[in-house]
file final-v1.txt (compact mmCIF, C-alpha atoms)
# COMPACT_ATOMS: atom_id res chain seq x y z
CA MET A 14 11.39 -47.72 -6.51
CA GLN A 15 11.64 -45.36 -9.41
CA ARG A 16 8.39 -43.73 -8.40
CA ILE A 17 9.70 -43.14 -4.88
CA LEU A 18 12.81 -41.51 -6.29
CA LEU A 19 10.72 -39.40 -8.62
CA PHE A 20 8.53 -38.35 -5.72
CA VAL A 21 11.57 -37.43 -3.62
CA TYR A 22 12.93 -35.50 -6.60
CA SER A 23 9.66 -33.63 -6.99
CA ILE A 24 9.73 -32.40 -3.40
CA ARG A 25 13.50 -31.72 -3.35
CA ALA A 26 12.98 -28.01 -2.66
CA PHE A 27 10.93 -28.82 0.41
CA LEU A 28 13.47 -31.39 1.62
CA LEU A 29 16.30 -28.90 1.19
CA PHE A 30 14.23 -26.35 3.09
CA VAL A 31 13.70 -28.76 5.99
CA GLY A 32 17.39 -29.67 5.97
CA LEU A 33 18.58 -26.05 6.10
CA GLU A 34 16.08 -25.19 8.83
CA LEU A 35 17.31 -28.14 10.87
CA VAL A 36 20.87 -26.84 10.57
CA ALA A 37 19.66 -23.41 11.74
CA ALA A 38 17.81 -24.96 14.68
CA TRP A 39 20.86 -27.00 15.59
CA MET A 40 22.98 -23.82 15.62
CA LEU A 41 20.42 -22.06 17.79
CA LEU A 42 20.17 -24.89 20.30
CA ASN A 43 23.90 -25.55 20.51
CA TYR A 44 25.10 -22.02 20.98
CA ASN A 45 24.39 -21.54 24.64
CA SER A 46 25.82 -24.83 25.77
CA ARG A 47 28.79 -24.57 28.08
CA GLN A 48 31.28 -26.18 25.77
CA GLY A 49 29.92 -24.16 22.86
CA ALA A 50 33.39 -22.94 22.08
CA VAL A 51 34.14 -20.44 19.38
CA PHE A 52 32.19 -21.81 16.50
CA LEU A 53 30.58 -19.49 14.00
CA ASN A 54 30.45 -16.39 16.10
CA SER A 55 31.94 -12.96 16.11
CA SER A 56 35.16 -13.95 17.84
CA GLY A 57 36.27 -16.21 15.00
CA GLN A 58 39.63 -15.32 13.52
CA PHE A 59 38.26 -13.90 10.28
CA THR A 60 35.21 -12.17 11.73
CA GLY A 61 37.24 -10.78 14.57
CA SER A 62 39.82 -9.17 12.35
CA ILE A 63 37.09 -7.59 10.19
CA LEU A 64 35.34 -6.21 13.26
CA ASN A 65 38.68 -4.98 14.56
CA THR A 66 39.26 -3.01 11.36
CA LYS A 67 35.77 -1.57 11.52
CA ASP A 68 36.32 -0.54 15.11
CA SER A 69 39.63 1.13 14.33
CA PHE A 70 37.73 3.40 11.94
CA LEU A 71 34.93 4.16 14.34
CA GLU A 72 36.94 4.65 17.51
CA TYR A 73 37.90 8.20 16.53
CA PHE A 74 34.33 9.29 17.09
CA TYR A 75 34.44 8.14 20.69
CA LEU A 76 37.95 9.28 21.58
CA GLY A 77 36.69 12.18 23.70
CA SER A 78 34.43 10.21 25.99
CA THR A 79 36.93 7.33 26.14
CA ASN A 80 39.71 9.65 27.27
CA GLU A 81 37.47 11.22 29.86
CA ALA A 82 36.49 7.85 31.30
CA LEU A 83 40.08 6.63 31.40
CA SER A 84 41.40 9.74 33.11
CA GLU A 85 38.56 9.54 35.61
CA LYS A 86 39.47 5.96 36.41
CA ASN A 87 43.12 6.98 36.66
CA ALA A 88 42.32 9.70 39.13
CA ARG A 89 40.33 7.31 41.29
CA LEU A 90 43.12 4.74 41.22
CA LEU A 91 45.73 7.36 42.12
CA LYS A 92 43.64 8.38 45.09
CA ARG A 93 43.43 4.78 46.27
CA LEU A 94 47.13 4.27 45.73
CA GLU A 95 47.76 7.30 47.91
CA ASN A 96 45.72 5.73 50.70
CA LEU A 97 47.42 2.37 50.34
CA SER A 98 51.04 3.39 50.07
CA PRO A 99 52.75 3.22 53.46
CA LEU A 100 53.74 6.44 55.16
CA GLY A 101 57.35 6.82 56.21
CA ASP A 102 56.72 6.83 59.93
CA THR A 103 54.38 3.84 60.22
CA THR A 104 55.09 0.14 60.29
CA PHE A 105 54.10 -1.62 57.13
CA PHE A 106 52.86 -5.15 57.28
CA GLU A 107 52.81 -6.94 53.97
CA LEU A 108 50.09 -9.54 53.56
CA ASP A 109 50.88 -13.07 52.59
CA SER A 110 50.82 -13.27 48.81
CA GLY A 111 48.10 -15.91 49.02
CA PHE A 112 45.75 -13.30 50.47
CA ALA A 113 46.91 -10.33 48.55
CA HIS A 114 46.93 -11.79 45.11
CA THR A 115 43.50 -13.22 44.41
CA PHE A 116 42.38 -11.24 41.39
CA ASP A 117 44.26 -10.63 38.16
CA PHE A 118 43.23 -7.84 35.83
CA TRP A 119 43.50 -7.40 32.09
CA SER A 120 42.29 -4.67 29.79
CA ALA A 121 40.71 -5.08 26.38
CA LYS A 122 38.69 -3.18 23.85
CA VAL A 123 35.14 -3.83 22.75
CA ILE A 124 35.05 -4.27 18.96
CA ASN A 125 31.48 -5.49 18.58
CA ASN A 126 28.44 -4.87 20.71
CA SER A 127 24.68 -5.22 20.51
CA LEU A 128 22.03 -4.14 22.97
CA HIS A 129 18.63 -4.37 21.35
CA LEU A 130 18.08 -8.11 21.07
CA HIS A 131 17.27 -10.48 23.92
CA GLN A 132 20.56 -12.35 23.82
CA ASN A 133 23.29 -9.80 23.44
CA TYR A 134 26.99 -10.53 23.12
CA LEU A 135 30.14 -8.43 22.90
CA THR A 136 33.41 -9.17 21.17
CA LEU A 137 36.77 -8.17 22.65
CA ASN A 138 40.04 -7.70 20.82
CA LYS A 139 42.02 -10.06 23.05
CA GLY A 140 41.98 -13.83 23.30
CA LYS A 141 43.83 -16.94 24.40
CA LYS A 142 47.17 -15.58 23.27
CA GLN A 143 46.85 -12.59 25.60
CA GLY A 144 45.76 -14.74 28.55
CA ILE A 145 41.99 -14.37 28.35
CA LYS A 146 40.08 -17.40 29.62
CA VAL A 147 36.48 -18.51 29.61
CA GLY A 148 34.68 -17.45 32.78
CA MET A 149 36.46 -14.16 33.40
CA GLY A 150 34.35 -11.23 34.54
CA VAL A 151 34.16 -8.10 32.39
CA PHE A 152 33.55 -4.61 33.75
CA ASN A 153 34.53 -1.00 33.16
CA GLU A 154 34.80 2.09 35.32
CA GLN A 155 31.01 2.39 35.40
CA GLY A 156 30.14 -1.13 36.41
CA VAL A 157 29.63 -4.78 35.46
CA ILE A 158 29.38 -5.68 31.76
CA GLY A 159 29.38 -9.46 31.46
CA ARG A 160 31.30 -12.72 31.46
CA VAL A 161 33.60 -14.31 28.89
CA THR A 162 31.95 -17.31 27.21
CA GLY A 163 34.31 -18.15 24.40
CA VAL A 164 37.86 -17.37 23.34
CA SER A 165 39.72 -17.81 20.09
CA THR A 166 43.40 -17.11 19.58
CA ASN A 167 43.05 -13.34 19.37
CA PHE A 168 39.45 -12.55 20.24
CA ALA A 169 36.90 -13.28 22.93
CA THR A 170 33.11 -13.41 23.07
CA VAL A 171 31.42 -11.99 26.14
CA ILE A 172 27.89 -12.73 27.23
CA SER A 173 26.53 -9.28 28.04
CA LEU A 174 24.62 -8.44 31.20
CA LEU A 175 21.97 -7.65 28.60
CA HIS A 176 21.35 -11.37 28.08
CA THR A 177 18.25 -12.87 29.59
CA ASP A 178 20.11 -16.00 30.74
CA LEU A 179 22.92 -14.34 32.69
CA LEU A 180 22.52 -14.01 36.44
CA VAL A 181 25.00 -11.99 38.46
CA SER A 182 25.32 -12.57 42.17
CA SER A 183 24.70 -9.17 43.74
CA LYS A 184 24.02 -7.50 47.04
CA ILE A 185 22.38 -4.32 48.19
CA LYS A 186 25.29 -2.27 49.39
CA HIS A 187 23.98 -0.68 52.54
CA SER A 188 22.02 -3.61 53.93
CA GLY A 189 24.22 -6.41 52.59
CA VAL A 190 21.22 -8.43 51.38
CA ILE A 191 22.18 -11.02 48.77
CA ALA A 192 20.25 -11.15 45.51
CA SER A 193 20.67 -11.89 41.81
CA THR A 194 20.57 -9.42 38.96
CA ARG A 195 18.98 -10.52 35.74
CA TRP A 196 17.97 -8.58 32.65
CA ASP A 197 14.32 -8.95 31.65
CA GLY A 198 14.84 -8.04 27.99
CA VAL A 199 12.68 -4.93 28.01
CA ASP A 200 14.96 -1.91 28.35
CA SER A 201 18.72 -1.81 27.85
CA LYS A 202 19.04 0.59 30.80
CA ARG A 203 17.14 -1.40 33.45
CA ALA A 204 17.13 -4.87 34.99
CA LYS A 205 15.44 -6.84 37.77
CA LEU A 206 16.85 -7.73 41.16
CA LEU A 207 15.64 -11.22 42.03
CA TYR A 208 15.27 -13.25 45.20
CA VAL A 209 15.01 -10.42 47.72
CA PRO A 210 12.68 -11.67 50.50
CA ARG A 211 9.65 -9.61 51.41
CA HIS A 212 10.75 -8.82 54.93
CA VAL A 213 13.81 -6.93 53.75
CA GLU A 214 13.49 -3.17 53.71
CA VAL A 215 14.62 -1.90 50.35
CA GLU A 216 14.62 1.74 49.40
CA VAL A 217 14.66 3.42 46.05
CA GLY A 218 18.15 4.81 45.52
CA ASP A 219 20.04 1.94 47.16
CA THR A 220 23.17 0.90 45.29
CA VAL A 221 23.54 -2.68 44.05
CA VAL A 222 27.05 -4.13 43.78
CA THR A 223 28.56 -7.54 43.06
CA SER A 224 28.55 -9.79 46.11
CA GLY A 225 31.89 -11.49 45.61
CA PHE A 226 30.21 -14.81 46.43
CA ASN A 227 30.77 -16.23 43.01
CA ALA A 228 34.26 -16.58 41.74
CA THR A 229 33.72 -14.34 38.72
CA PHE A 230 33.76 -10.84 40.18
CA PRO A 231 35.48 -9.35 43.20
CA GLU A 232 33.20 -7.77 45.76
CA GLY A 233 31.86 -4.28 45.30
CA ILE A 234 31.79 -3.61 41.56
CA HIS A 235 28.80 -1.44 40.73
CA ILE A 236 25.82 -2.95 38.98
CA GLY A 237 23.18 -0.26 39.35
CA VAL A 238 20.81 1.75 41.50
CA ILE A 239 17.38 0.56 42.63
CA ASP A 240 14.67 2.70 41.08
CA ALA A 241 11.47 0.75 41.75
CA VAL A 242 10.29 -1.49 44.59
CA ASN A 243 6.95 -3.27 44.27
CA GLU A 244 5.15 -6.04 46.10
CA GLY A 245 4.97 -8.09 42.91
CA GLU A 246 3.03 -11.25 42.19
CA GLU A 247 5.38 -13.76 43.70
CA THR A 248 4.56 -14.63 47.28
CA ASN A 249 8.05 -14.77 48.68
CA TYR A 250 10.03 -12.14 46.88
CA LEU A 251 9.86 -8.44 46.15
CA ASP A 252 9.71 -7.14 42.61
CA ILE A 253 12.67 -4.77 42.37
CA GLY A 254 13.82 -2.82 39.35
CA LEU A 255 17.28 -1.33 39.03
CA GLU A 256 18.93 1.06 36.65
CA PHE A 257 22.32 -0.06 35.30
CA SER A 258 25.25 2.12 36.19
CA THR A 259 26.92 0.98 32.96
CA ASP A 260 25.95 2.70 29.75
CA PHE A 261 25.99 -0.28 27.36
CA SER A 262 25.59 1.91 24.31
CA LYS A 263 29.02 3.49 24.77
CA LEU A 264 31.41 0.69 25.62
CA SER A 265 35.01 1.09 24.62
CA TYR A 266 37.80 -0.05 26.93
CA VAL A 267 36.92 -2.69 29.49
CA TYR A 268 38.69 -4.61 32.22
CA LEU A 269 38.74 -8.35 32.66
CA VAL A 270 39.15 -9.97 36.03
CA GLU A 271 40.19 -13.49 36.87
CA ASN A 272 40.05 -15.08 40.27
CA SER A 273 43.32 -16.97 40.50
CA MET A 274 41.83 -19.04 43.32
CA ARG A 275 38.88 -20.04 41.21
CA ALA A 276 39.98 -23.61 40.54
CA GLU A 277 40.59 -24.19 44.23
CA LEU A 278 37.28 -22.60 45.17
CA ASP A 279 35.39 -24.69 42.65
CA THR A 280 36.99 -27.94 43.80
CA LEU A 281 36.15 -27.11 47.39
CA THR A 282 32.51 -26.34 46.68
CA SER A 283 32.09 -29.41 44.55
CA LYS A 284 33.86 -31.56 47.15
CA THR A 285 31.58 -30.35 49.89
CA ASN A 286 28.69 -30.77 47.48
CA LEU A 287 27.54 -27.18 47.74
CA LEU A 288 26.31 -25.43 44.70
CA PRO A 289 28.12 -22.17 44.13
CA ASN A 290 25.72 -19.43 45.07
CA ASP A 291 25.84 -17.59 41.80
CA GLY A 292 22.91 -19.03 39.94
CA GLN A 293 24.99 -19.51 36.86
CA MET B 20 21.16 -15.34 -17.35
CA THR B 21 24.37 -13.90 -18.73
CA GLY B 22 27.78 -13.89 -17.10
CA SER B 23 27.85 -10.17 -16.38
CA ASN B 24 24.46 -10.53 -14.76
CA VAL B 25 25.83 -13.13 -12.35
CA VAL B 26 28.72 -10.84 -11.46
CA LYS B 27 26.32 -7.97 -10.82
CA LEU B 28 24.15 -10.13 -8.61
CA GLY B 29 27.21 -11.32 -6.73
CA ILE B 30 28.35 -7.75 -6.10
CA ALA B 31 24.85 -6.78 -4.97
CA PHE B 32 24.82 -9.78 -2.60
CA LEU B 33 28.12 -8.68 -1.06
CA MET B 34 27.01 -5.06 -0.81
CA TYR B 35 23.80 -5.98 0.99
CA PHE B 36 25.79 -8.09 3.42
CA MET B 37 28.38 -5.40 4.12
CA VAL B 38 25.87 -2.59 4.50
CA GLN B 39 23.85 -4.77 6.87
CA VAL B 40 26.79 -5.74 9.04
CA PHE B 41 28.77 -2.50 9.10
CA VAL B 42 26.11 0.19 8.93
CA LEU B 43 22.62 -1.07 9.70
CA LYS B 44 23.67 -3.23 12.63
CA ASP B 45 24.29 -0.10 14.69
CA LEU B 46 21.18 1.64 13.43
CA VAL B 47 18.12 0.82 15.52
CA LEU B 48 15.40 3.45 15.66
CA PHE B 49 13.81 4.07 19.09
CA GLY B 50 15.40 0.86 20.32
CA ASP B 51 12.72 -1.14 18.52
CA ALA B 52 12.82 -0.63 14.77
CA PHE B 53 15.54 -2.75 13.10
CA CYS B 54 16.43 -2.57 9.44
CA PHE B 55 17.15 -5.98 7.95
CA LEU B 56 17.79 -4.71 4.46
CA TYR B 57 19.66 -7.87 3.49
CA VAL B 58 16.37 -9.70 2.84
CA TYR B 59 16.17 -7.70 -0.38
CA ALA B 60 19.30 -9.45 -1.66
CA ILE B 61 17.15 -12.59 -1.80
CA LEU B 62 13.87 -10.92 -2.73
CA LEU B 63 15.28 -9.08 -5.75
CA MET B 64 16.97 -12.07 -7.38
CA PRO B 65 15.70 -12.64 -10.94
CA ILE B 66 12.40 -14.46 -11.19
CA GLU B 67 13.88 -17.36 -13.20
CA VAL B 68 16.22 -18.46 -10.41
CA ARG B 69 15.06 -21.81 -9.05
CA SER B 70 14.19 -22.58 -5.44
CA THR B 71 17.31 -24.62 -4.69
CA PRO B 72 19.97 -21.99 -5.50
CA ILE B 73 17.84 -19.31 -3.86
CA MET B 74 17.67 -21.29 -0.63
CA LEU B 75 21.38 -22.05 -0.65
CA LEU B 76 22.19 -18.37 -1.22
CA ALA B 77 19.81 -17.42 1.59
CA PHE B 78 21.48 -19.95 3.85
CA VAL B 79 24.93 -18.51 3.15
CA MET B 80 23.65 -14.96 3.70
CA GLY B 81 21.91 -15.99 6.93
CA ILE B 82 25.03 -17.59 8.35
CA LEU B 83 27.19 -14.59 7.43
CA ILE B 84 24.74 -12.23 9.13
CA ASP B 85 24.40 -14.52 12.15
CA VAL B 86 28.14 -14.65 12.65
CA PHE B 87 28.34 -10.88 12.91
CA TYR B 88 25.16 -10.46 14.94
CA ASP B 89 25.98 -13.31 17.35
CA THR B 90 22.49 -14.65 16.76
CA PRO B 91 23.15 -18.31 15.93
CA GLY B 92 20.66 -19.70 13.45
CA MET B 93 18.08 -16.99 13.95
CA HIS B 94 18.73 -15.01 10.79
CA THR B 95 19.52 -18.23 8.93
CA GLY B 96 16.21 -19.85 9.83
CA SER B 97 14.18 -16.76 8.98
CA ILE B 98 15.83 -16.01 5.64
CA VAL B 99 15.68 -19.64 4.48
CA LEU B 100 11.96 -19.62 5.26
CA LEU B 101 11.61 -16.47 3.17
CA ALA B 102 13.62 -18.00 0.32
CA PHE B 103 11.52 -21.17 0.39
CA LEU B 104 8.29 -19.21 0.06
CA ARG B 105 9.63 -16.69 -2.47
CA ASN B 106 9.09 -18.60 -5.71
CA PRO B 107 5.62 -19.97 -4.85
CA TRP B 108 4.64 -16.46 -3.79
CA ILE B 109 5.90 -15.01 -7.09
CA LYS B 110 3.79 -17.62 -8.87
CA VAL B 111 0.70 -16.66 -6.86
CA ASN B 112 1.25 -13.02 -7.78
CA THR B 113 1.62 -13.62 -11.51
CA PRO B 114 0.12 -10.64 -13.32
CA ARG B 115 -2.20 -11.14 -16.28
CA GLY B 116 -0.05 -12.14 -19.24
CA GLY B 117 2.74 -13.57 -17.10
CA TYR B 118 6.21 -12.21 -16.37
CA ASP B 119 8.57 -10.82 -18.98
CA GLU B 120 11.80 -12.65 -19.63
CA ASN B 121 14.90 -11.49 -17.77
CA VAL B 122 13.19 -8.83 -15.69
CA PRO B 123 14.13 -8.82 -12.02
CA PRO B 124 11.20 -8.25 -9.63
CA ILE B 125 12.23 -4.74 -8.65
CA LEU B 126 10.08 -1.71 -7.94
CA PRO B 127 10.93 0.35 -11.08
CA ASN B 128 10.00 -2.61 -13.29
CA MET B 129 6.95 -3.94 -11.56
CA GLY B 130 5.27 -0.89 -10.03
CA LEU B 131 4.45 -0.11 -6.43
CA ALA B 132 1.28 -2.20 -6.17
CA TRP B 133 2.86 -5.46 -7.35
CA SER B 134 6.10 -4.78 -5.47
CA THR B 135 4.27 -4.17 -2.19
CA ALA B 136 2.08 -7.23 -2.62
CA TYR B 137 5.21 -9.28 -3.28
CA THR B 138 7.69 -7.97 -0.68
CA PHE B 139 5.58 -6.83 2.25
CA PRO B 140 4.13 -10.21 3.32
CA LEU B 141 7.49 -11.95 2.92
CA VAL B 142 9.34 -9.27 4.89
CA LEU B 143 6.65 -9.43 7.58
CA LEU B 144 7.00 -13.21 7.78
CA HIS B 145 10.81 -13.00 7.99
CA HIS B 146 10.70 -10.41 10.77
CA ALA B 147 7.98 -12.23 12.68
CA CYS B 148 10.06 -15.41 12.53
CA PHE B 149 13.25 -13.64 13.62
CA PHE B 150 11.73 -11.78 16.56
CA TYR B 151 9.78 -14.84 17.64
CA LEU B 152 13.09 -16.71 17.87
CA ASP B 153 14.61 -13.75 19.69
CA PHE B 154 11.81 -13.62 22.26
CA LEU B 155 11.88 -17.41 22.70
CA GLY B 156 12.56 -18.37 26.29
CA THR B 157 11.68 -14.96 27.70
CA SER B 158 8.27 -13.85 28.82
CA VAL B 159 6.64 -12.80 25.57
CA SER B 160 5.41 -9.27 26.07
CA PRO B 161 3.23 -7.15 23.80
CA SER B 162 6.35 -5.26 22.77
CA ILE B 163 7.11 -8.02 20.24
CA VAL B 164 4.26 -6.70 18.07
CA ILE B 165 5.64 -3.15 18.18
CA ARG B 166 9.08 -4.48 17.38
CA ILE B 167 7.92 -6.57 14.42
CA LEU B 168 5.73 -3.84 12.91
CA GLY B 169 8.30 -1.10 13.47
CA SER B 170 11.06 -3.17 11.91
CA VAL B 171 8.92 -4.26 8.95
CA LEU B 172 8.05 -0.63 8.20
CA PHE B 173 11.67 0.45 8.52
CA THR B 174 12.98 -2.36 6.31
CA PHE B 175 10.20 -1.89 3.77
CA VAL B 176 10.73 1.87 3.43
CA MET B 177 14.51 1.48 3.22
CA GLY B 178 14.12 -1.30 0.67
CA ASN B 179 11.91 0.82 -1.55
CA VAL B 180 14.24 3.81 -1.27
CA VAL B 181 17.19 1.62 -2.27
CA GLN B 182 15.27 0.19 -5.22
CA LEU B 183 14.22 3.63 -6.43
CA LEU B 184 17.67 5.15 -6.08
CA LEU B 185 20.03 2.38 -7.10
CA TYR B 186 18.13 0.19 -9.54
CA THR B 187 17.33 1.17 -13.08
CA LYS B 188 14.42 -0.04 -15.13
CA LYS B 189 14.61 -3.31 -17.06
CA LYS B 190 18.14 -4.09 -15.96
CA GLY B 191 19.90 -5.60 -13.00
CA ILE B 192 21.57 -2.79 -11.16
call {"tool": "encode", "arguments": {"input": "final-v1.txt", "output": "C-alpha cells"}}
result
Amino acid sequence: MQRILLFVYSIRAFLLFVGLELVAAWMLLNYNSRQGAVFLNSSGQFTGSILNTKDSFLEYFYLGSTNEALSEKNARLLKRLENLSPLGDTTFFELDSGFAHTFDFWSAKVINNSLHLHQNYLTLNKGKKQGIKVGMGVFNEQGVIGRVTGVSTNFATVISLLHTDLLVSSKIKHSGVIASTRWDGVDSKRAKLLYVPRHVEVEVGDTVVTSGFNATFPEGIHIGVIDAVNEGEETNYLDIGLEFSTDFSKLSYVYLVENSMRAELDTLTSKTNLLPNDGQ
Amino acid sequence: MTGSNVVKLGIAFLMYFMVQVFVLKDLVLFGDAFCFLYVYAILLMPIEVRSTPIMLLAFVMGILIDVFYDTPGMHTGSIVLLAFLRNPWIKVNTPRGGYDENVPPILPNMGLAWSTAYTFPLVLLHHACFFYLDFLGTSVSPSIVIRILGSVLFTFVMGNVVQLLLYTKKKGI
C-alpha cells in the first residue's frame, strides 16, 4: 500500500497535468452546448465590466465612423417613415396589432469582438436586465452579425457569423432561392452559400439576404453579395462564395431583434413535427 | 526565493495578462500572426519553481485568457501542456556546470543560444496545440501551418524584445 502511495506521489506532477487538461477539455466540450449559459466567458459580470471600461476608452477612436453609420441609418429610416406615414387625403387602414407587431428591436454596443479565430464571439453591453434574451438576432446597418447565445444580468454573448457552426437561413434576393450561409473559417470577409441546387441560375453580384424562414431574423436583412460561383465537388449543390456586407472589424452599435411570435411558431412547428428550416 | 521576488513575479504575471488581453488581443498581423506573449509569464519563472505551482499558475493564466478570448479551454489546455514540459525541458538543456542559484531563465542572463533552444520549441508546441484546437471540427487547411509559424515568430520576436528591454541581468525584473 505504501509503495502504491509513494508511486502516486512520484508521478503527482503528471497526475496534476492530466487533471488540469481534463478540466480544459471539459470546458471546451461544454461551451457550445445549448444550455451552456454564461459560465466563464466574456459576458460574466466581472469580465463584462472590465471590457466595458476598455471599450469606453477606445470608442473615441471610432466616433467618426460610428456617427456616419448612425446618421446614414437615420436618413434611411426617415425616408421609410415618409413613405409609411399616411397622407392627409387618403384612407388609412391600420393593421391588426397581431400582424403589425411581430418584431421587437433593441440597440446595444459591442464591447468585445474577435474575428481571426474559427469560433468567434462578440460581447454586448446589455443583458437580461435590459430585456435581451437568448436566441435574438443581431445585425447593424450593414447586415447580419450573429445570434445571442448567452446572457448575464448586464451583458450578452453573441455567436458571430464568423463562427464555423452558425448557419443563417438565407435567400438570393432576385430569384428567391433558399439557401444557408455558413462561414468556412478562411477569410473574415467571405463565406459560403450552401445548399443551392445545380439547376438554379446564380450570377456573380446577386445579393443574399435573410429569408425570414427562421424565427431569428426578419426577412430581407443583408448578408452579402455573391462573388464566386463554381460547379464544386458535391454532386447536388453549387459551390458559391459570398462577400459579407458587414465589416466585422469595425463593429460598434448593433441592433437586436426578437420575434415576439417565436414561442408560438416553435410550438406549431414542433407540434406538426416539422423541423424549423434554419439548420440551427 | 525572497518575498520581494514573489511580489515582482506576481506583478509581472498580472502585467503579461493585462497586456495580452487589452493590447495584443486586437493586434493580429496579416490576419494570421497572433502574439501570445503571455506564455513568457510561465516560461520566465525562476528555474527553482517546482512543476506543481507552475502548472497551477499556468492553469489560472489560461482560464483568465480564455475568459477574455471566448476560447473555452483552448488557451488553458495549451499553456498547461507548456508548463508541464517546462521543467523537464530546462533539465534537458542544463549547460555544463549546471544552473546558477536564483537566476531566472531570461535572455540577458542565459544568452541568445540557450534562450532560443529553451523557449522556441515550447512556444512552437503551445501555438501548435492552440491552433490545432482552434481548427478542430473545421476542414483543416494548409493555412494552419502558416498561422502557427507566423504566430510563433511574432511571439518569439516580441518575447525577446520584451526580455531585452524590460529585464535586467541577474535579477528578476
call {"tool": "interface_residues", "arguments": {"input": "final-v1.txt", "of": "chain B", "to": "chain A", "cutoff": "6 Å", "atoms": "all atoms listed in the file", "output": "PyMOL selection string"}}
result
chain B and resi 71+86-87+89+91-92+95-96+153
call {"tool": "residues_around", "arguments": {"input": "final-v1.txt", "residues": "Gln182 of chain B", "least_positions_apart": "3", "cutoff": "12 Å", "atoms": "all atoms listed in the file", "output": "VMD selection string"}}
result
chain B and resid 31 56 59 to 60 62 to 63 123 to 131 134 175 to 179 185 to 188 190 to 192
call {"tool": "closest_residue", "arguments": {"input": "final-v1.txt", "among": "A:Leu278, A:Val221, A:Met14, A:Leu264", "to": "Leu206 of chain A", "atoms": "all atoms listed in the file"}}
result
A:Val221
call {"tool": "atom_distance", "arguments": {"input": "final-v1.txt", "atom1": "atom CA of Val238 of chain A", "atom2": "atom CA of Arg160 of chain A"}}
result
20.5 Å
call {"tool": "closest_residue", "arguments": {"input": "final-v1.txt", "among": "A:Gly189, A:Pro231, A:Gly245, A:Gly237", "to": "Met274 of chain A", "atoms": "all atoms listed in the file"}}
result
A:Pro231
call {"tool": "residues_around", "arguments": {"input": "final-v1.txt", "residues": "Lys141 of chain A", "least_positions_apart": "4", "cutoff": "7 Å", "atoms": "only C-alpha atoms", "output": "count of residues only"}}
result
6
call {"tool": "atom_distance", "arguments": {"input": "final-v1.txt", "atom1": "atom CA of Gly140 of chain A", "atom2": "atom CA of Phe41 of chain B"}}
result
22.5 Å
call {"tool": "residues_around", "arguments": {"input": "final-v1.txt", "residues": "segment 46-49 of chain B", "least_positions_apart": "5", "cutoff": "9 Å", "atoms": "all atoms listed in the file", "output": "list in words"}}
result
His129 of chain A; Cys54, Gly169, Ser170 and Phe173 of chain B
call {"tool": "closest_residue", "arguments": {"input": "final-v1.txt", "among": "A:Val217, A:Val157, A:Leu207, A:Leu19", "to": "Ile172 of chain A", "atoms": "only C-alpha atoms"}}
result
A:Val157
call {"tool": "closest_residue", "arguments": {"input": "final-v1.txt", "among": "A:Gly77, A:Gly144, A:Gly156, A:Pro210", "to": "Ser193 of chain A", "atoms": "all atoms listed in the file"}}
result
A:Pro210
call {"tool": "atom_distance", "arguments": {"input": "final-v1.txt", "atom1": "atom CA of Thr229 of chain A", "atom2": "atom CA of Arg93 of chain A"}}
result
22.7 Å
call {"tool": "residues_around", "arguments": {"input": "final-v1.txt", "residues": "segment 107-112 of chain B", "least_positions_apart": "4", "cutoff": "12 Å", "atoms": "only C-alpha atoms", "output": "ChimeraX atom specification"}}
result
/A:26-27 /B:62-70,100-103,116-118,123-124,129,132-141
call {"tool": "closest_residue", "arguments": {"input": "final-v1.txt", "among": "B:Val26, B:Thr174, B:Leu168, B:Glu120", "to": "Tyr57 of chain B", "atoms": "all atoms listed in the file"}}
result
B:Thr174
call {"tool": "residues_around", "arguments": {"input": "final-v1.txt", "residues": "Ala241 of chain A", "least_positions_apart": "4", "cutoff": "10 Å", "atoms": "all atoms listed in the file", "output": "JSON, numbers by chain"}}
result
{"A": [205, 215, 216, 217, 218, 252, 253, 254, 255, 256]}
call {"tool": "closest_residue", "arguments": {"input": "final-v1.txt", "among": "B:Ile73, B:Leu104, B:Ile84, B:Ile30", "to": "Leu43 of chain B", "atoms": "all atoms listed in the file"}}
result
B:Ile84
